[in-house]
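Report on one structure; see the data block that follows.
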Amino acid sequence: MNAKTKITSVAILTSGGDSPGMNCVIRSVVRTAIGNGIKVYGINKGYEGLLNNDMIEMNASSVGNIIQRGGTILQSSRCPEFREKHNREKAAQILEDRGIKALIVIGGDGSFKGAIALNQEMGVPVIGIPGTIDNDISGTQYTIGFDTAVQTAIEAVDKIRDTAASSNRTFFIEVMGAKSSSIALKVGICTGAENVLLSDQKVDHQKIADAIRRGIRRGKGSSIIIVAEGDKPGRSYDIAHILKDLHDISSKVCVLGHIQRGGSPTSNDRFLGSVMGQMAIETLMEGNTQNAIVVRDDRVQSVPLSDCSEKSDHAMKAFKGIAEELSI
């Protein structure tokens, strides 16, 4: 189709966990659309808000002074009800009643599955923009919010290293990543951590103990070990207890938690969020009806949304060897 004549209005929502940089995407989508004569509706609270018909028309002023803010001005939610076909039918009808011709979804793989179903079942044109701090979506090398989360964690680790060195202590610092090791690997490399434990990695307590003692023998008084949280946040406490009980190694635990989700987005997240938002509108105007805006080969590209519908821990795994080699 010739979308330049048919896409007269779009809606945008943020779904799942919030991530710094989402507001940059929203701002870019709204201003690019308005500049091309397209109306934009902001849906509050993700798919839940769509089902409740909770949306407002946005203008250029709606997105003023938000590029530096973390979180999402549209708020977000997880909406299991959207997995039911009759609710997707309701959503499509709400969009049609409002004259909205396309939907832009910022979120993760679950959010994209909902968008794909809405497109395939109801014919609603959809564009997905990957936004999650975990950097764990197939089909893209980067997700909005990852860089900010990493920088937040790095700053925390640097502060903890000061006190670790002052008191000759071992610290386990737990970062987010239930199914992804991207944050842990990048933070570990960037902070010079003595060890990095990945989300899917079986913990070798003897190996950890040996590495700590090896460092002590060559004069190292403290150690920093980065731990991806895995399925259960707080796994660092179990590791620390076993090291104490079986290997007589004392340590402290710091779980960074949701501090990694907040804060002002870094320049990388602001820049890529702005580029992705603009490309989302351009992709719709070119007549594409089920695409994702991704980063591949250091370029922002438009690809089939189906490429990004699964969780994937591919983005940083190639650097695992570097983390191990530099931690001796």
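As shown in the structure tokens, the chain order sets the letters A, B, ...; within each chain, residues go from 1, and ligands are also counted from 1 in the order they appear.
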- Task: From a DSSP calculation on the backbone, collect every residue of segment 59-252 of chain A in alpha helix (DSSP H) and output the set as a PyMOL selection string.
- Result: chain A and resi 85-97+109-122+146-167+182-191+205-217+235-247
- Query: Excluding same-chain residues fewer than 5 positions from segment 152-167 of chain A, what lies within 12 Å of it counting only C-alpha atoms, as an MDAnalysis selection string?
  - Reply: chainID A and resid 20 133 145:147 172:176 183:194 219:228 251:266
- Task: Would you return as an MDAnalysis selection string the members of segment 111-157 of chain A that DSSP assigns to strand (DSSP E) on this structure's backbone?
- Result: chainID A and resid 126:130
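Proximity of A:Ser199, A:Thr72, A:Gln141, A:Ser15 to Ser236 of chain A, computed with only C-alpha atoms, is greatest for A:Ser199.
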- Task: Pick out the residues sitting within 12 Å of Asp204 of chain A, and hand them over as a PyMOL selection string; count only C-alpha atoms, and ignore anything fewer than 5 positions along from it in its own chain.
- Result: chain A and resi 195-198+209-211+239+242-243
Take the residues from that selection and put them in a file with all heavy atoms, as a PDB file, in the first residue's frame.
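Contents of the output file selection-v9.pdb:
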```
ATOM      1  N   ASN A 195      35.831 -11.716  38.806  1.00  0.00           N
ATOM      2  CA  ASN A 195      35.055 -12.848  38.303  1.00  0.00           C
ATOM      3  C   ASN A 195      33.684 -12.352  37.867  1.00  0.00           C
ATOM      4  O   ASN A 195      33.180 -11.367  38.420  1.00  0.00           O
ATOM      5  CB  ASN A 195      34.902 -13.925  39.386  1.00  0.00           C
ATOM      6  CG  ASN A 195      34.825 -15.331  38.808  1.00  0.00           C
ATOM      7  OD1 ASN A 195      34.222 -15.526  37.761  1.00  0.00           O
ATOM      8  ND2 ASN A 195      35.452 -16.288  39.482  1.00  0.00           N
ATOM      9  N   VAL A 196      33.102 -13.008  36.882  1.00  0.00           N
ATOM     10  CA  VAL A 196      31.747 -12.709  36.428  1.00  0.00           C
ATOM     11  C   VAL A 196      30.976 -14.016  36.364  1.00  0.00           C
ATOM     12  O   VAL A 196      31.401 -14.968  35.697  1.00  0.00           O
ATOM     13  CB  VAL A 196      31.737 -12.036  35.035  1.00  0.00           C
ATOM     14  CG1 VAL A 196      30.301 -11.754  34.594  1.00  0.00           C
ATOM     15  CG2 VAL A 196      32.543 -10.745  35.043  1.00  0.00           C
ATOM     16  N   LEU A 197      29.846 -14.082  37.067  1.00  0.00           N
ATOM     17  CA  LEU A 197      29.005 -15.274  37.074  1.00  0.00           C
ATOM     18  C   LEU A 197      27.758 -14.998  36.246  1.00  0.00           C
ATOM     19  O   LEU A 197      26.970 -14.103  36.575  1.00  0.00           O
ATOM     20  CB  LEU A 197      28.622 -15.649  38.512  1.00  0.00           C
ATOM     21  CG  LEU A 197      29.802 -15.880  39.477  1.00  0.00           C
ATOM     22  CD1 LEU A 197      29.289 -16.249  40.863  1.00  0.00           C
ATOM     23  CD2 LEU A 197      30.731 -16.956  38.936  1.00  0.00           C
ATOM     24  N   LEU A 198      27.578 -15.759  35.183  1.00  0.00           N
ATOM     25  CA  LEU A 198      26.489 -15.521  34.246  1.00  0.00           C
ATOM     26  C   LEU A 198      25.185 -16.115  34.764  1.00  0.00           C
ATOM     27  O   LEU A 198      25.160 -16.949  35.665  1.00  0.00           O
ATOM     28  CB  LEU A 198      26.856 -16.110  32.885  1.00  0.00           C
ATOM     29  CG  LEU A 198      28.205 -15.662  32.314  1.00  0.00           C
ATOM     30  CD1 LEU A 198      28.390 -16.198  30.906  1.00  0.00           C
ATOM     31  CD2 LEU A 198      28.345 -14.147  32.334  1.00  0.00           C
ATOM     32  N   ALA A 209      36.751 -19.793  45.098  1.00  0.00           N
ATOM     33  CA  ALA A 209      37.625 -19.740  46.268  1.00  0.00           C
ATOM     34  C   ALA A 209      39.093 -19.756  45.867  1.00  0.00           C
ATOM     35  O   ALA A 209      39.918 -18.999  46.409  1.00  0.00           O
ATOM     36  CB  ALA A 209      37.312 -20.913  47.195  1.00  0.00           C
ATOM     37  N   ASP A 210      39.427 -20.601  44.909  1.00  0.00           N
ATOM     38  CA  ASP A 210      40.820 -20.682  44.445  1.00  0.00           C
ATOM     39  C   ASP A 210      41.271 -19.358  43.832  1.00  0.00           C
ATOM     40  O   ASP A 210      42.412 -18.909  44.052  1.00  0.00           O
ATOM     41  CB  ASP A 210      40.975 -21.805  43.416  1.00  0.00           C
ATOM     42  CG  ASP A 210      40.831 -23.191  44.021  1.00  0.00           C
ATOM     43  OD1 ASP A 210      40.914 -23.297  45.275  1.00  0.00           O
ATOM     44  OD2 ASP A 210      40.626 -24.154  43.255  1.00  0.00           O
ATOM     45  N   ALA A 211      40.379 -18.724  43.066  1.00  0.00           N
ATOM     46  CA  ALA A 211      40.735 -17.452  42.429  1.00  0.00           C
ATOM     47  C   ALA A 211      40.946 -16.354  43.466  1.00  0.00           C
ATOM     48  O   ALA A 211      41.875 -15.534  43.345  1.00  0.00           O
ATOM     49  CB  ALA A 211      39.640 -17.049  41.448  1.00  0.00           C
ATOM     50  N   ILE A 239      25.556 -17.962  47.302  1.00  0.00           N
ATOM     51  CA  ILE A 239      26.958 -18.188  46.937  1.00  0.00           C
ATOM     52  C   ILE A 239      27.879 -17.779  48.085  1.00  0.00           C
ATOM     53  O   ILE A 239      28.818 -18.502  48.445  1.00  0.00           O
ATOM     54  CB  ILE A 239      27.309 -17.398  45.662  1.00  0.00           C
ATOM     55  CG1 ILE A 239      26.444 -17.868  44.483  1.00  0.00           C
ATOM     56  CG2 ILE A 239      28.790 -17.548  45.322  1.00  0.00           C
ATOM     57  CD1 ILE A 239      26.532 -16.973  43.256  1.00  0.00           C
ATOM     58  N   ILE A 242      27.782 -20.336  51.016  1.00  0.00           N
ATOM     59  CA  ILE A 242      28.505 -21.580  50.723  1.00  0.00           C
ATOM     60  C   ILE A 242      30.010 -21.345  50.789  1.00  0.00           C
ATOM     61  O   ILE A 242      30.768 -22.187  51.314  1.00  0.00           O
ATOM     62  CB  ILE A 242      28.097 -22.126  49.342  1.00  0.00           C
ATOM     63  CG1 ILE A 242      26.632 -22.594  49.385  1.00  0.00           C
ATOM     64  CG2 ILE A 242      29.003 -23.277  48.906  1.00  0.00           C
ATOM     65  CD1 ILE A 242      26.064 -22.995  48.039  1.00  0.00           C
ATOM     66  N   LEU A 243      30.485 -20.223  50.263  1.00  0.00           N
ATOM     67  CA  LEU A 243      31.916 -19.916  50.339  1.00  0.00           C
ATOM     68  C   LEU A 243      32.389 -19.815  51.787  1.00  0.00           C
ATOM     69  O   LEU A 243      33.493 -20.242  52.126  1.00  0.00           O
ATOM     70  CB  LEU A 243      32.215 -18.610  49.607  1.00  0.00           C
ATOM     71  CG  LEU A 243      32.357 -18.676  48.086  1.00  0.00           C
ATOM     72  CD1 LEU A 243      32.632 -17.287  47.542  1.00  0.00           C
ATOM     73  CD2 LEU A 243      33.456 -19.622  47.671  1.00  0.00           C
TER      74      LEU A 243
END
```
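The coordinates place atom CA of Gly110 of chain A at 26.3 Å from atom CA of Thr32 of chain A.
Counting only C-alpha atoms and comparing A:Gly49, A:Gly64, A:Gly177, A:Gly35, the residue that lies closest to Gly234 of chain A is A:Gly177.
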What's the 6 Å shell around Tyr41 of chain A, counting only C-alpha atoms, without same-chain residues fewer than 6 positions away, as a PDB file with all heavy atoms, in the first residue's frame?
```pdb
ATOM      1  N   ALA A  11      -0.742   5.302  17.129  1.00  0.00           N
ATOM      2  CA  ALA A  11      -0.730   5.283  18.591  1.00  0.00           C
ATOM      3  C   ALA A  11       0.585   4.668  19.045  1.00  0.00           C
ATOM      4  O   ALA A  11       1.188   3.860  18.334  1.00  0.00           O
ATOM      5  CB  ALA A  11      -1.906   4.479  19.135  1.00  0.00           C
ATOM      6  N   ILE A  56      -4.530   9.650  24.915  1.00  0.00           N
ATOM      7  CA  ILE A  56      -4.721  11.072  24.633  1.00  0.00           C
ATOM      8  C   ILE A  56      -3.982  11.429  23.351  1.00  0.00           C
ATOM      9  O   ILE A  56      -2.966  10.806  23.015  1.00  0.00           O
ATOM     10  CB  ILE A  56      -4.204  11.957  25.775  1.00  0.00           C
ATOM     11  CG1 ILE A  56      -2.709  11.682  26.040  1.00  0.00           C
ATOM     12  CG2 ILE A  56      -5.018  11.768  27.038  1.00  0.00           C
ATOM     13  CD1 ILE A  56      -2.051  12.665  26.984  1.00  0.00           C
ATOM     14  N   GLU A  57      -4.502  12.415  22.624  1.00  0.00           N
ATOM     15  CA  GLU A  57      -3.768  12.910  21.466  1.00  0.00           C
ATOM     16  C   GLU A  57      -2.599  13.763  21.958  1.00  0.00           C
ATOM     17  O   GLU A  57      -2.745  14.569  22.880  1.00  0.00           O
ATOM     18  CB  GLU A  57      -4.672  13.741  20.553  1.00  0.00           C
ATOM     19  CG  GLU A  57      -3.963  14.165  19.268  1.00  0.00           C
ATOM     20  CD  GLU A  57      -4.874  14.857  18.280  1.00  0.00           C
ATOM     21  OE1 GLU A  57      -6.109  14.852  18.477  1.00  0.00           O
ATOM     22  OE2 GLU A  57      -4.344  15.420  17.278  1.00  0.00           O
ATOM     23  N   MET A  58      -1.450  13.560  21.343  1.00  0.00           N
ATOM     24  CA  MET A  58      -0.235  14.248  21.769  1.00  0.00           C
ATOM     25  C   MET A  58       0.160  15.298  20.734  1.00  0.00           C
ATOM     26  O   MET A  58      -0.177  15.182  19.553  1.00  0.00           O
ATOM     27  CB  MET A  58       0.902  13.243  21.969  1.00  0.00           C
ATOM     28  CG  MET A  58       0.554  12.133  22.952  1.00  0.00           C
ATOM     29  SD  MET A  58       1.904  10.966  23.244  1.00  0.00           S
ATOM     30  CE  MET A  58       2.941  11.928  24.364  1.00  0.00           C
TER      31      MET A  58
END
```
For Val294 of chain A, list every protein, DNA or RNA residue within 6 Å, evaluated using only C-alpha atoms, and leave out those in the same chain fewer than 4 positions away; present the list as a PDB file with all heavy atoms, in the first residue's frame.
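Generated output (result.pdb):
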```
ATOM      1  N   THR A 140      18.366  -8.188  17.406  1.00  0.00           N
ATOM      2  CA  THR A 140      18.995  -6.879  17.558  1.00  0.00           C
ATOM      3  C   THR A 140      20.197  -6.999  18.478  1.00  0.00           C
ATOM      4  O   THR A 140      20.200  -7.797  19.423  1.00  0.00           O
ATOM      5  CB  THR A 140      18.001  -5.838  18.111  1.00  0.00           C
ATOM      6  OG1 THR A 140      18.639  -4.551  18.154  1.00  0.00           O
ATOM      7  CG2 THR A 140      17.515  -6.202  19.506  1.00  0.00           C
ATOM      8  N   VAL A 300      21.257   1.366  12.609  1.00  0.00           N
ATOM      9  CA  VAL A 300      19.831   1.232  12.915  1.00  0.00           C
ATOM     10  C   VAL A 300      19.126   0.809  11.638  1.00  0.00           C
ATOM     11  O   VAL A 300      19.266   1.445  10.588  1.00  0.00           O
ATOM     12  CB  VAL A 300      19.260   2.558  13.447  1.00  0.00           C
ATOM     13  CG1 VAL A 300      17.760   2.410  13.708  1.00  0.00           C
ATOM     14  CG2 VAL A 300      19.982   2.971  14.725  1.00  0.00           C
ATOM     15  N   GLN A 301      18.358  -0.284  11.717  1.00  0.00           N
ATOM     16  CA  GLN A 301      17.722  -0.858  10.542  1.00  0.00           C
ATOM     17  C   GLN A 301      16.272  -1.238  10.846  1.00  0.00           C
ATOM     18  O   GLN A 301      15.901  -1.445  12.004  1.00  0.00           O
ATOM     19  CB  GLN A 301      18.462  -2.119  10.079  1.00  0.00           C
ATOM     20  CG  GLN A 301      19.938  -1.933   9.805  1.00  0.00           C
ATOM     21  CD  GLN A 301      20.613  -3.221   9.405  1.00  0.00           C
ATOM     22  OE1 GLN A 301      20.046  -4.044   8.676  1.00  0.00           O
ATOM     23  NE2 GLN A 301      21.831  -3.433   9.883  1.00  0.00           N
TER      24      GLN A 301
END
```
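For the pair atom CA of Ser181 of chain A and atom CA of Gln290 of chain A, the separation is 28.6 Å.
Counting only C-alpha atoms and comparing A:Tyr47, A:Tyr142, A:Tyr237, A:Phe82, the residue that lies closest to Cys308 of chain A is A:Tyr142.
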- Task: Name the closest residue to Arg169 of chain A among the candidates A:Ile212, A:Gly114, A:Ile322, A:Ala102; distances are taken between atoms, counting only C-alpha atoms.
- Result: A:Ile212
- Message: Using only C-alpha atoms, can you tell me which of A:Ser182, A:Asn119, A:Asn23, A:Asn135 comes closest to Leu305 of chain A?
- Response: A:Asn119
- Message: I'd like the contact shell of Gly108 of chain A - 9 Å cut-off, only C-alpha atoms, skipping same-chain residues fewer than 6 positions apart - returned as an NGL selection string.
- Response: :A and (15-17 or 128-132 or 136-137 or 143 or 308-311)
